[in-house]
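J.: Dropping in query-v3.tsv, with TSV, N, CA and C atoms.
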chain	number	residue	atom	x	y	z
A	53	MET	N	-4.07	12.22	-15.56
A	53	MET	CA	-5.40	12.77	-15.41
A	53	MET	C	-5.92	12.49	-14.01
A	54	ALA	N	-6.25	13.50	-13.26
A	54	ALA	CA	-6.77	13.32	-11.91
A	54	ALA	C	-8.27	13.07	-11.97
A	55	SER	N	-8.74	12.28	-11.01
A	55	SER	CA	-10.16	11.92	-11.04
A	55	SER	C	-11.01	12.87	-10.20
A	56	GLY	N	-10.40	13.76	-9.44
A	56	GLY	CA	-11.17	14.65	-8.58
A	56	GLY	C	-11.57	14.00	-7.27
A	57	VAL	N	-11.05	12.82	-7.00
A	57	VAL	CA	-11.35	12.10	-5.76
A	57	VAL	C	-10.57	12.73	-4.61
A	58	GLY	N	-11.22	12.89	-3.46
A	58	GLY	CA	-10.54	13.45	-2.29
A	58	GLY	C	-9.93	12.36	-1.43
A	59	VAL	N	-9.09	12.78	-0.48
A	59	VAL	CA	-8.47	11.84	0.46
A	59	VAL	C	-9.08	12.10	1.83
A	60	ASN	N	-9.75	11.11	2.38
A	60	ASN	CA	-10.36	11.24	3.70
A	60	ASN	C	-9.26	11.50	4.74
A	61	PRO	N	-9.49	12.44	5.69
A	61	PRO	CA	-8.45	12.75	6.69
A	61	PRO	C	-7.99	11.53	7.49
A	62	GLU	N	-8.85	10.53	7.63
A	62	GLU	CA	-8.46	9.33	8.37
A	62	GLU	C	-7.28	8.63	7.71
A	63	CYS	N	-7.15	8.76	6.38
A	63	CYS	CA	-6.02	8.15	5.67
A	63	CYS	C	-4.70	8.72	6.18
A	64	LEU	N	-4.66	10.03	6.36
A	64	LEU	CA	-3.43	10.69	6.83
A	64	LEU	C	-3.17	10.37	8.29
A	65	GLU	N	-4.23	10.31	9.09
A	65	GLU	CA	-4.07	9.95	10.51
A	65	GLU	C	-3.49	8.55	10.64
A	66	ALA	N	-4.06	7.61	9.87
A	66	ALA	CA	-3.58	6.23	9.91
A	66	ALA	C	-2.12	6.15	9.47
A	67	TYR	N	-1.79	6.90	8.43
A	67	TYR	CA	-0.42	6.89	7.91
A	67	TYR	C	0.56	7.46	8.94
A	68	GLN	N	0.18	8.54	9.62
A	68	GLN	CA	1.05	9.12	10.65
A	68	GLN	C	1.27	8.13	11.79
A	69	GLU	N	0.22	7.38	12.15
A	69	GLU	CA	0.37	6.36	13.20
A	69	GLU	C	1.36	5.29	12.77
A	70	LEU	N	1.29	4.88	11.51
A	70	LEU	CA	2.21	3.87	11.01
A	70	LEU	C	3.63	4.43	10.99
A	71	LYS	N	3.77	5.63	10.48
A	71	LYS	CA	5.09	6.23	10.26
A	71	LYS	C	5.75	6.64	11.57
A	72	LEU	N	5.01	7.32	12.42
A	72	LEU	CA	5.61	7.90	13.62
A	72	LEU	C	5.36	7.05	14.86
A	73	GLY	N	4.16	6.52	14.99
A	73	GLY	CA	3.81	5.81	16.21
A	73	GLY	C	4.14	4.34	16.18
A	74	ARG	N	4.36	3.81	14.97
A	74	ARG	CA	4.63	2.38	14.80
A	74	ARG	C	3.55	1.54	15.50
A	75	LYS	N	2.30	2.02	15.42
A	75	LYS	CA	1.19	1.29	16.03
A	75	LYS	C	0.51	0.39	15.01
A	76	THR	N	0.88	0.55	13.76
A	76	THR	CA	0.24	-0.17	12.66
A	76	THR	C	1.33	-0.73	11.76
A	77	LYS	N	1.13	-1.95	11.26
A	77	LYS	CA	2.10	-2.56	10.34
A	77	LYS	C	1.78	-2.22	8.89
A	78	TYR	N	0.48	-2.16	8.58
A	78	TYR	CA	0.09	-1.81	7.22
A	78	TYR	C	-1.30	-1.20	7.21
A	79	ILE	N	-1.59	-0.51	6.11
A	79	ILE	CA	-2.90	0.12	5.91
A	79	ILE	C	-3.35	-0.23	4.49
A	80	ILE	N	-4.61	-0.59	4.37
A	80	ILE	CA	-5.18	-0.82	3.04
A	80	ILE	C	-6.22	0.26	2.79
A	81	PHE	N	-6.08	0.91	1.64
A	81	PHE	CA	-6.97	2.01	1.26
A	81	PHE	C	-7.84	1.57	0.09
A	82	THR	N	-9.05	2.12	0.03
A	82	THR	CA	-9.94	1.86	-1.09
A	82	THR	C	-10.75	3.12	-1.38
A	83	LEU	N	-11.58	3.06	-2.39
A	83	LEU	CA	-12.48	4.17	-2.69
A	83	LEU	C	-13.78	3.97	-1.90
A	84	SER	N	-14.38	5.08	-1.50
A	84	SER	CA	-15.68	5.01	-0.83
A	84	SER	C	-16.70	4.44	-1.81
A	85	LYS	N	-17.84	3.98	-1.26
A	85	LYS	CA	-18.87	3.35	-2.09
A	85	LYS	C	-19.31	4.24	-3.25
A	86	ASP	N	-19.36	5.57	-3.01
A	86	ASP	CA	-19.80	6.49	-4.07
A	86	ASP	C	-18.63	7.02	-4.92
A	87	ASN	N	-17.44	6.45	-4.69
A	87	ASN	CA	-16.24	6.80	-5.48
A	87	ASN	C	-15.85	8.28	-5.40
A	88	THR	N	-16.14	8.93	-4.27
A	88	THR	CA	-15.80	10.35	-4.16
A	88	THR	C	-14.55	10.59	-3.32
A	89	GLU	N	-14.17	9.61	-2.48
A	89	GLU	CA	-12.96	9.82	-1.67
A	89	GLU	C	-12.27	8.50	-1.37
A	90	ILE	N	-11.00	8.65	-1.03
A	90	ILE	CA	-10.18	7.50	-0.65
A	90	ILE	C	-10.31	7.34	0.86
A	91	VAL	N	-10.58	6.11	1.29
A	91	VAL	CA	-10.81	5.83	2.71
A	91	VAL	C	-9.94	4.66	3.17
A	92	VAL	N	-9.78	4.55	4.49
A	92	VAL	CA	-9.06	3.42	5.08
A	92	VAL	C	-10.00	2.23	5.12
A	93	GLU	N	-9.58	1.13	4.53
A	93	GLU	CA	-10.38	-0.10	4.59
A	93	GLU	C	-9.97	-0.95	5.78
A	94	LYS	N	-8.66	-1.04	6.03
A	94	LYS	CA	-8.18	-1.90	7.10
A	94	LYS	C	-6.81	-1.44	7.58
A	95	ARG	N	-6.58	-1.64	8.87
A	95	ARG	CA	-5.24	-1.43	9.44
A	95	ARG	C	-4.76	-2.75	10.00
A	96	GLY	N	-3.52	-3.09	9.71
A	96	GLY	CA	-2.94	-4.33	10.24
A	96	GLY	C	-2.17	-4.02	11.51
A	97	ALA	N	-2.41	-4.79	12.55
A	97	ALA	CA	-1.73	-4.59	13.84
A	97	ALA	C	-0.23	-4.79	13.69
A	98	VAL	N	0.53	-4.25	14.63
A	98	VAL	CA	1.99	-4.30	14.56
A	98	VAL	C	2.52	-5.72	14.43
A	99	GLY	N	1.89	-6.69	15.04
A	99	GLY	CA	2.38	-8.07	14.98
A	99	GLY	C	1.99	-8.81	13.71
A	100	SER	N	1.31	-8.14	12.78
A	100	SER	CA	0.84	-8.80	11.56
A	100	SER	C	2.01	-9.23	10.68
A	101	SER	N	1.81	-10.35	9.99
A	101	SER	CA	2.86	-10.85	9.09
A	101	SER	C	2.61	-10.33	7.67
A	102	TYR	N	3.59	-10.53	6.82
A	102	TYR	CA	3.43	-10.14	5.41
A	102	TYR	C	2.32	-10.97	4.76
A	103	ASP	N	2.20	-12.23	5.18
A	103	ASP	CA	1.13	-13.08	4.66
A	103	ASP	C	-0.25	-12.54	5.05
A	104	ASP	N	-0.36	-12.00	6.27
A	104	ASP	CA	-1.63	-11.37	6.69
A	104	ASP	C	-1.97	-10.23	5.74
A	105	PHE	N	-0.95	-9.43	5.45
A	105	PHE	CA	-1.12	-8.29	4.54
A	105	PHE	C	-1.62	-8.77	3.16
A	106	LEU	N	-0.92	-9.75	2.60
A	106	LEU	CA	-1.31	-10.25	1.27
A	106	LEU	C	-2.72	-10.82	1.30
A	107	GLY	N	-3.09	-11.45	2.41
A	107	GLY	CA	-4.43	-12.03	2.55
A	107	GLY	C	-5.52	-10.97	2.54
A	108	ASP	N	-5.16	-9.73	2.86
A	108	ASP	CA	-6.13	-8.64	2.87
A	108	ASP	C	-6.24	-7.92	1.53
A	109	LEU	N	-5.41	-8.31	0.56
A	109	LEU	CA	-5.54	-7.74	-0.79
A	109	LEU	C	-6.52	-8.62	-1.57
A	110	PRO	N	-7.63	-8.05	-2.04
A	110	PRO	CA	-8.62	-8.87	-2.75
A	110	PRO	C	-8.08	-9.35	-4.10
A	111	GLU	N	-8.49	-10.55	-4.49
A	111	GLU	CA	-7.98	-11.15	-5.73
A	111	GLU	C	-8.45	-10.43	-6.98
A	112	ALA	N	-9.62	-9.78	-6.91
A	112	ALA	CA	-10.19	-9.22	-8.14
A	112	ALA	C	-10.65	-7.77	-7.98
A	113	GLU	N	-10.08	-7.06	-7.00
A	113	GLU	CA	-10.43	-5.65	-6.82
A	113	GLU	C	-9.17	-4.84	-6.56
A	114	CYS	N	-9.18	-3.61	-7.03
A	114	CYS	CA	-8.03	-2.72	-6.84
A	114	CYS	C	-8.00	-2.18	-5.41
A	115	ARG	N	-6.79	-1.92	-4.95
A	115	ARG	CA	-6.58	-1.28	-3.65
A	115	ARG	C	-5.26	-0.52	-3.71
A	116	TRP	N	-5.06	0.36	-2.74
A	116	TRP	CA	-3.73	0.91	-2.48
A	116	TRP	C	-3.38	0.45	-1.08
A	117	ALA	N	-2.10	0.40	-0.79
A	117	ALA	CA	-1.70	0.00	0.56
A	117	ALA	C	-0.36	0.64	0.89
A	118	VAL	N	-0.11	0.72	2.20
A	118	VAL	CA	1.19	1.13	2.71
A	118	VAL	C	1.60	0.06	3.69
A	119	TYR	N	2.84	-0.42	3.56
A	119	TYR	CA	3.36	-1.48	4.42
A	119	TYR	C	4.71	-1.04	4.98
A	120	ASP	N	4.89	-1.23	6.27
A	120	ASP	CA	6.17	-0.92	6.92
A	120	ASP	C	7.06	-2.15	6.78
A	121	PHE	N	7.87	-2.15	5.74
A	121	PHE	CA	8.62	-3.34	5.32
A	121	PHE	C	9.96	-3.42	6.05
A	122	ASP	N	10.14	-4.47	6.85
A	122	ASP	CA	11.39	-4.68	7.59
A	122	ASP	C	12.26	-5.67	6.83
A	123	PHE	N	13.56	-5.44	6.85
A	123	PHE	CA	14.48	-6.40	6.23
A	123	PHE	C	15.87	-6.21	6.83
A	124	GLU	N	16.73	-7.19	6.58
A	124	GLU	CA	18.12	-7.11	7.03
A	124	GLU	C	19.01	-6.81	5.85
A	125	THR	N	19.99	-5.97	6.09
A	125	THR	CA	20.96	-5.66	5.04
A	125	THR	C	22.00	-6.78	5.00
A	126	GLY	N	22.85	-6.75	3.98
A	126	GLY	CA	23.87	-7.78	3.82
A	126	GLY	C	24.80	-7.88	5.02
A	127	ASP	N	25.02	-6.77	5.73
A	127	ASP	CA	25.93	-6.80	6.87
A	127	ASP	C	25.19	-7.07	8.18
A	128	GLY	N	23.92	-7.49	8.08
A	128	GLY	CA	23.16	-7.86	9.28
A	128	GLY	C	22.41	-6.71	9.94
A	129	GLY	N	22.52	-5.51	9.37
A	129	GLY	CA	21.79	-4.38	9.94
A	129	GLY	C	20.30	-4.48	9.63
A	130	LYS	N	19.48	-3.98	10.55
A	130	LYS	CA	18.04	-4.00	10.33
A	130	LYS	C	17.58	-2.68	9.72
A	131	ARG	N	16.72	-2.75	8.73
A	131	ARG	CA	16.18	-1.56	8.08
A	131	ARG	C	14.67	-1.72	7.96
A	132	ASN	N	14.02	-0.59	7.76
A	132	ASN	CA	12.62	-0.66	7.37
A	132	ASN	C	12.35	0.44	6.37
A	133	LYS	N	11.48	0.14	5.43
A	133	LYS	CA	11.10	1.12	4.42
A	133	LYS	C	9.59	1.12	4.29
A	134	ILE	N	9.03	2.30	4.39
A	134	ILE	CA	7.59	2.42	4.20
A	134	ILE	C	7.34	2.35	2.70
A	135	THR	N	6.56	1.35	2.32
A	135	THR	CA	6.38	1.00	0.92
A	135	THR	C	4.93	1.21	0.50
A	136	PHE	N	4.74	1.88	-0.62
A	136	PHE	CA	3.40	2.15	-1.16
A	136	PHE	C	3.10	1.12	-2.25
A	137	TYR	N	1.92	0.55	-2.18
A	137	TYR	CA	1.50	-0.46	-3.16
A	137	TYR	C	0.31	0.05	-3.96
A	138	SER	N	0.37	-0.12	-5.27
A	138	SER	CA	-0.80	0.05	-6.14
A	138	SER	C	-1.18	-1.35	-6.57
A	139	TRP	N	-2.30	-1.83	-6.06
A	139	TRP	CA	-2.75	-3.19	-6.35
A	139	TRP	C	-3.88	-3.12	-7.37
A	140	SER	N	-3.61	-3.63	-8.56
A	140	SER	CA	-4.58	-3.57	-9.66
A	140	SER	C	-4.58	-4.93	-10.37
A	141	PRO	N	-5.23	-5.92	-9.74
A	141	PRO	CA	-5.15	-7.28	-10.29
A	141	PRO	C	-5.76	-7.39	-11.69
A	142	ASP	N	-5.21	-8.31	-12.47
A	142	ASP	CA	-5.67	-8.53	-13.84
A	142	ASP	C	-7.17	-8.79	-13.91
A	143	ASP	N	-7.72	-9.43	-12.87
A	143	ASP	CA	-9.13	-9.81	-12.89
A	143	ASP	C	-10.08	-8.70	-12.45
A	144	SER	N	-9.56	-7.54	-12.07
A	144	SER	CA	-10.46	-6.46	-11.65
A	144	SER	C	-11.11	-5.82	-12.87
A	145	LYS	N	-12.22	-5.15	-12.62
A	145	LYS	CA	-12.97	-4.53	-13.72
A	145	LYS	C	-12.20	-3.35	-14.30
A	146	ILE	N	-12.31	-3.18	-15.61
A	146	ILE	CA	-11.60	-2.11	-16.32
A	146	ILE	C	-11.94	-0.73	-15.73
A	147	LYS	N	-13.21	-0.49	-15.48
A	147	LYS	CA	-13.61	0.82	-14.95
A	147	LYS	C	-12.95	1.09	-13.60
A	148	GLN	N	-12.89	0.05	-12.75
A	148	GLN	CA	-12.26	0.21	-11.45
A	148	GLN	C	-10.76	0.48	-11.61
A	149	LYS	N	-10.11	-0.25	-12.51
A	149	LYS	CA	-8.68	-0.04	-12.74
A	149	LYS	C	-8.41	1.40	-13.16
A	150	MET	N	-9.26	1.92	-14.06
A	150	MET	CA	-9.06	3.29	-14.54
A	150	MET	C	-9.26	4.30	-13.42
A	151	LEU	N	-10.30	4.09	-12.61
A	151	LEU	CA	-10.59	5.02	-11.52
A	151	LEU	C	-9.46	4.99	-10.48
A	152	PHE	N	-8.98	3.80	-10.15
A	152	PHE	CA	-7.89	3.69	-9.18
A	152	PHE	C	-6.60	4.31	-9.73
A	153	ALA	N	-6.34	4.07	-11.01
A	153	ALA	CA	-5.12	4.63	-11.63
A	153	ALA	C	-5.17	6.16	-11.62
A	154	SER	N	-6.32	6.73	-11.93
A	154	SER	CA	-6.41	8.18	-12.01
A	154	SER	C	-6.50	8.83	-10.63
A	155	SER	N	-6.81	8.05	-9.60
A	155	SER	CA	-6.95	8.60	-8.23
A	155	SER	C	-5.69	8.41	-7.40
A	156	LYS	N	-4.79	7.57	-7.86
A	156	LYS	CA	-3.61	7.21	-7.07
A	156	LYS	C	-2.80	8.42	-6.62
A	157	ASP	N	-2.57	9.38	-7.50
A	157	ASP	CA	-1.70	10.50	-7.16
A	157	ASP	C	-2.22	11.33	-6.00
A	158	ALA	N	-3.54	11.44	-5.88
A	158	ALA	CA	-4.11	12.20	-4.77
A	158	ALA	C	-3.66	11.60	-3.44
A	159	LEU	N	-3.71	10.28	-3.34
A	159	LEU	CA	-3.30	9.60	-2.11
A	159	LEU	C	-1.78	9.63	-1.98
A	160	ARG	N	-1.09	9.26	-3.03
A	160	ARG	CA	0.37	9.14	-2.99
A	160	ARG	C	1.04	10.46	-2.60
A	161	ARG	N	0.54	11.57	-3.15
A	161	ARG	CA	1.12	12.88	-2.84
A	161	ARG	C	0.89	13.28	-1.38
A	162	SER	N	-0.17	12.78	-0.78
A	162	SER	CA	-0.47	13.18	0.60
A	162	SER	C	0.33	12.37	1.62
A	163	LEU	N	0.99	11.31	1.19
A	163	LEU	CA	1.75	10.44	2.10
A	163	LEU	C	3.24	10.76	1.97
A	164	VAL	N	3.73	11.57	2.87
A	164	VAL	CA	5.12	12.01	2.81
A	164	VAL	C	6.00	10.98	3.51
A	165	GLY	N	7.11	10.62	2.87
A	165	GLY	CA	8.05	9.70	3.50
A	165	GLY	C	8.00	8.28	2.98
A	166	ILE	N	7.34	8.08	1.85
A	166	ILE	CA	7.31	6.75	1.22
A	166	ILE	C	8.70	6.49	0.63
A	167	ALA	N	9.26	5.31	0.94
A	167	ALA	CA	10.61	5.00	0.48
A	167	ALA	C	10.63	4.19	-0.81
A	168	ALA	N	9.57	3.44	-1.07
A	168	ALA	CA	9.55	2.59	-2.26
A	168	ALA	C	8.11	2.47	-2.74
A	169	GLU	N	7.97	2.14	-4.02
A	169	GLU	CA	6.63	2.00	-4.59
A	169	GLU	C	6.57	0.72	-5.40
A	170	ILE	N	5.51	-0.04	-5.18
A	170	ILE	CA	5.34	-1.34	-5.84
A	170	ILE	C	4.04	-1.31	-6.62
A	171	GLN	N	4.10	-1.76	-7.88
A	171	GLN	CA	2.90	-1.94	-8.70
A	171	GLN	C	2.63	-3.43	-8.75
A	172	GLY	N	1.41	-3.84	-8.44
A	172	GLY	CA	1.10	-5.26	-8.48
A	172	GLY	C	-0.15	-5.55	-9.29
A	173	THR	N	-0.04	-6.50	-10.23
A	173	THR	CA	-1.21	-6.94	-10.97
A	173	THR	C	-1.54	-8.40	-10.65
A	174	ASP	N	-0.59	-9.09	-10.02
A	174	ASP	CA	-0.87	-10.43	-9.50
A	174	ASP	C	0.03	-10.66	-8.28
A	175	PHE	N	-0.26	-11.74	-7.54
A	175	PHE	CA	0.43	-11.93	-6.26
A	175	PHE	C	1.92	-12.17	-6.40
A	176	SER	N	2.39	-12.65	-7.57
A	176	SER	CA	3.83	-12.86	-7.73
A	176	SER	C	4.58	-11.52	-7.68
A	177	GLU	N	3.94	-10.45	-8.13
A	177	GLU	CA	4.59	-9.13	-8.15
A	177	GLU	C	4.65	-8.48	-6.77
A	178	VAL	N	3.85	-8.97	-5.84
A	178	VAL	CA	3.88	-8.42	-4.48
A	178	VAL	C	4.38	-9.46	-3.47
A	179	ALA	N	4.91	-10.58	-3.99
A	179	ALA	CA	5.48	-11.60	-3.11
A	179	ALA	C	6.62	-10.99	-2.30
A	180	HIS	N	6.84	-11.52	-1.11
A	180	HIS	CA	7.84	-10.96	-0.20
A	180	HIS	C	9.21	-10.83	-0.88
A	181	GLU	N	9.62	-11.88	-1.60
A	181	GLU	CA	10.95	-11.86	-2.23
A	181	GLU	C	11.05	-10.75	-3.28
A	182	SER	N	9.99	-10.57	-4.07
A	182	SER	CA	10.00	-9.53	-5.11
A	182	SER	C	10.13	-8.15	-4.49
A	183	VAL	N	9.36	-7.92	-3.44
A	183	VAL	CA	9.37	-6.60	-2.79
A	183	VAL	C	10.69	-6.39	-2.06
A	184	LEU	N	11.17	-7.44	-1.39
A	184	LEU	CA	12.46	-7.35	-0.71
A	184	LEU	C	13.56	-6.96	-1.68
A	185	ASP	N	13.54	-7.54	-2.86
A	185	ASP	CA	14.53	-7.23	-3.88
A	185	ASP	C	14.45	-5.74	-4.25
A	186	LYS	N	13.24	-5.23	-4.42
A	186	LYS	CA	13.09	-3.82	-4.82
A	186	LYS	C	13.47	-2.86	-3.70
A	187	VAL	N	13.02	-3.12	-2.47
A	187	VAL	CA	13.29	-2.17	-1.38
A	187	VAL	C	14.75	-2.22	-0.92
A	188	SER	N	15.36	-3.39	-0.96
A	188	SER	CA	16.74	-3.49	-0.46
A	188	SER	C	17.75	-2.94	-1.47
A	189	ARG	N	17.38	-2.88	-2.75
A	189	ARG	CA	18.27	-2.32	-3.76
A	189	ARG	C	18.57	-0.84	-3.50
A	190	GLY	N	17.65	-0.18	-2.82
A	190	GLY	CA	17.87	1.24	-2.50
A	190	GLY	C	19.08	1.46	-1.62
A	191	GLY	N	19.45	0.43	-0.87
A	191	GLY	CA	20.68	0.52	-0.08
A	191	GLY	C	20.53	1.13	1.28
A	192	HIS	N	19.64	2.10	1.46
A	192	HIS	CA	19.57	2.71	2.79
A	192	HIS	C	18.38	2.15	3.51
What is this structure when it is put down as structure tokens?
T.:
Amino acid sequence: MASGVGVNPECLEAYQELKLGRKTKYIIFTLSKDNTEIVVEKRGAVGSSYDDFLGDLPEAECRWAVYDFDFETGDGGKRNKITFYSWSPDDSKIKQKMLFASSKDALRRSLVGIAAEIQGTDFSEVAHESVLDKVSRGGH
């Protein structure tokens, strides 16, 4: 079920910068105050760490995010996968969870080139090791 929420053009601009320009390490998206569109809440600079990214995910509010995830393959090759996160912590309000769940597809469909998708309800599910396991299993 779609919520009818729009995607602010800045979301796509920020995503293109991350994907093509490599000027951004991650982007955190949220709903506007009036819940009518998805907007960019924060961009993480290229030098940002994964811990910086996790620190920007609120403990009790839903968000979406895109992270340019770097890792090494078993043979020492370097890879990166643009990873989409649906962050819906257990402590967030039910109404917010429902609105974020029903609005996710509008954002997700507009972001072309996502290599992996992570659902997180607590920080253990978005821990570096958990995500590394999921993104590296893809092999490429």
J.: I need the residues of segment 147-176 of chain A that end up classed as helix (DSSP H, G or I) by DSSP on the backbone, written out as a short mmCIF file (atom, residue, chain, number, x, y, z; two decimals) with N, CA and C atoms, keeping the file's coordinate frame.
T.:
data_model
loop_
_atom_site.label_atom_id
_atom_site.label_comp_id
_atom_site.auth_asym_id
_atom_site.auth_seq_id
_atom_site.Cartn_x
_atom_site.Cartn_y
_atom_site.Cartn_z
N LYS A 147 -13.21 -0.49 -15.48
CA LYS A 147 -13.61 0.82 -14.95
C LYS A 147 -12.95 1.09 -13.60
N GLN A 148 -12.89 0.05 -12.75
CA GLN A 148 -12.26 0.21 -11.45
C GLN A 148 -10.76 0.48 -11.61
N LYS A 149 -10.11 -0.25 -12.51
CA LYS A 149 -8.68 -0.04 -12.74
C LYS A 149 -8.41 1.40 -13.16
N MET A 150 -9.26 1.92 -14.06
CA MET A 150 -9.06 3.29 -14.54
C MET A 150 -9.26 4.30 -13.42
N LEU A 151 -10.30 4.09 -12.61
CA LEU A 151 -10.59 5.02 -11.52
C LEU A 151 -9.46 4.99 -10.48
N PHE A 152 -8.98 3.80 -10.15
CA PHE A 152 -7.89 3.69 -9.18
C PHE A 152 -6.60 4.31 -9.73
N ALA A 153 -6.34 4.07 -11.01
CA ALA A 153 -5.12 4.63 -11.63
C ALA A 153 -5.17 6.16 -11.62
N SER A 154 -6.32 6.73 -11.93
CA SER A 154 -6.41 8.18 -12.01
C SER A 154 -6.50 8.83 -10.63
N SER A 155 -6.81 8.05 -9.60
CA SER A 155 -6.95 8.60 -8.23
C SER A 155 -5.69 8.41 -7.40
N LYS A 156 -4.79 7.57 -7.86
CA LYS A 156 -3.61 7.21 -7.07
C LYS A 156 -2.80 8.42 -6.62
N ASP A 157 -2.57 9.38 -7.50
CA ASP A 157 -1.70 10.50 -7.16
C ASP A 157 -2.22 11.33 -6.00
N ALA A 158 -3.54 11.44 -5.88
CA ALA A 158 -4.11 12.20 -4.77
C ALA A 158 -3.66 11.60 -3.44
N LEU A 159 -3.71 10.28 -3.34
CA LEU A 159 -3.30 9.60 -2.11
C LEU A 159 -1.78 9.63 -1.98
N ARG A 160 -1.09 9.26 -3.03
CA ARG A 160 0.37 9.14 -2.99
C ARG A 160 1.04 10.46 -2.60
N ARG A 161 0.54 11.57 -3.15
CA ARG A 161 1.12 12.88 -2.84
C ARG A 161 0.89 13.28 -1.38
N SER A 162 -0.17 12.78 -0.78
CA SER A 162 -0.47 13.18 0.60
C SER A 162 0.33 12.37 1.62
N PHE A 175 -0.26 -11.74 -7.54
CA PHE A 175 0.43 -11.93 -6.26
C PHE A 175 1.92 -12.17 -6.40
N SER A 176 2.39 -12.65 -7.57
CA SER A 176 3.83 -12.86 -7.73
C SER A 176 4.58 -11.52 -7.68
#
J.: Please enclose the listed atoms of segment 79-98 of chain A in an axis-aligned box, pad each side by 5 Å, and write out the centre and the three edge lengths in Å, rounded to one decimal, as JSON.
T.:
{"center_x": -8.6, "center_y": 2.4, "center_z": 4.6, "size_x": 32.3, "size_y": 26.3, "size_z": 30.1}
J.: Between atom CA of Ala117 of chain A and atom CA of Trp139 of chain A, measure the distance and give it in Å to one decimal.
T.: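 Between these atoms lies a distance of 7.7 Å.
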J.: Would you list the contacts of Tyr78 of chain A as JSON, numbers by chain, taking every protein, DNA or RNA residue within 6 Å and counting all atoms listed in the file, but skipping same-chain residues closer than 2 positions in sequence?
T.: {"A": [76, 80, 94, 95, 96, 97, 118, 119, 120]}
J.: Could you please write out, as number ranges by chain, every residue of segment 53-191 of chain A that DSSP assigns to strand (DSSP E or B)?
T.: A: 58-59, 76-83, 89-97, 115-124, 130-139, 168-172
J.: What does the distance from atom CA of Gln171 of chain A to atom CA of Phe136 of chain A come to in Å, to one decimal?
T.: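 Straight-line distance from atom CA of Gln171 of chain A to atom CA of Phe136 of chain A works out to 8.6 Å.
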J.: Counting only C-alpha atoms, which residue out of A:Leu83, A:Cys63, A:Cys114, A:Leu70 sits closest to Val98 of chain A?
T.: A:Leu70
J.: Compare A:Val91, A:Leu163, A:Ser101, A:Glu113 by their minimum atom-to-atom distance to Glu69 of chain A, counting only C-alpha atoms, and give me the closest one.
T.: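 Counting only C-alpha atoms, the residue closest to Glu69 of chain A is A:Leu163.
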